[in-house]
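Undergrad: One structure coming up, written as structure tokens, with questions to follow.
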Amino acid sequence: QVQLVESGGGLVQPGGSLRLSCAASGRISNVYGMGWYRQAPGKEREFVAHSMSGPGTKYSDSVKGRFTISRDNIKNTVTLQMNSLKPEDTAVYYCKANILGSSDAWGQGTQVTVSS
């Protein structure tokens, strides 16, 4: 099994920045991709960004140019640098790992609130 733990959420003013981190542990050798999703109150969980084990990242249109995903395969972490934050970025952010031969693993989520 793979366990994921997120950190780095909090309250920030519009235009500010936050950096989220997700640490993976367990059978990490089977992880071939990691990404971030978010869920705002009353809305469905939505894709934010994703990074495959090799080169290649993908972003939702709503965060492209503002958010950057990066992975450290030695430390088994994935981070999400969020800049120019907007109130509509307010949500619980979840880390997800794609696991070969198994269902995806999810973290417990971390709250991000963008408000003045």
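Every chain in the structure tokens has a letter given in the order shown (A, B, ...), and although residue numbers restart at 1 in each chain, ligands are simply numbered from 1 in the order shown.
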Give me the residues near region 4-9 of chain A as a PyMOL selection string, where near means some atom within 10 Å (using only C-alpha atoms) and where sequence neighbours in that chain fewer than 2 positions away do not count.

TA: chain A and resi 2+11-12+18-26+76-80+91-97+105-113

Undergrad: State, in Å with one decimal place, the distance from CA of Met82 (chain A) to CA of Tyr37 (chain A).

TA: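 Spanning CA of Met82 (chain A) to CA of Tyr37 (chain A) is a straight-line distance of 13.0 Å.
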
Undergrad: Could you tell me how far CA of Gly10 (chain A) lies from CA of Val48 (chain A), in Å and to one decimal?

TA: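 Atom-to-atom, CA of Gly10 (chain A) and CA of Val48 (chain A) are spaced 17.5 Å apart.
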
Undergrad: Which residues are near Ser29 (chain A)? Cut-off 12 Å, only C-alpha atoms, ignore same chain within fewer than 6 positions. Put them as a ChimeraX atom specification.

TA: /A:1-2,53,73-74,76,97-101

Undergrad: List every residue of chain A that DSSP, applied to the backbone of this structure, places in helix (DSSP H, G or I), and write the result as a list in words.

TA: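 Taking chain A and keeping helix (DSSP H, G or I) only, one gets Ile28, Ser29, Asn30, Pro87, Glu88 and Asp89 of chain A.
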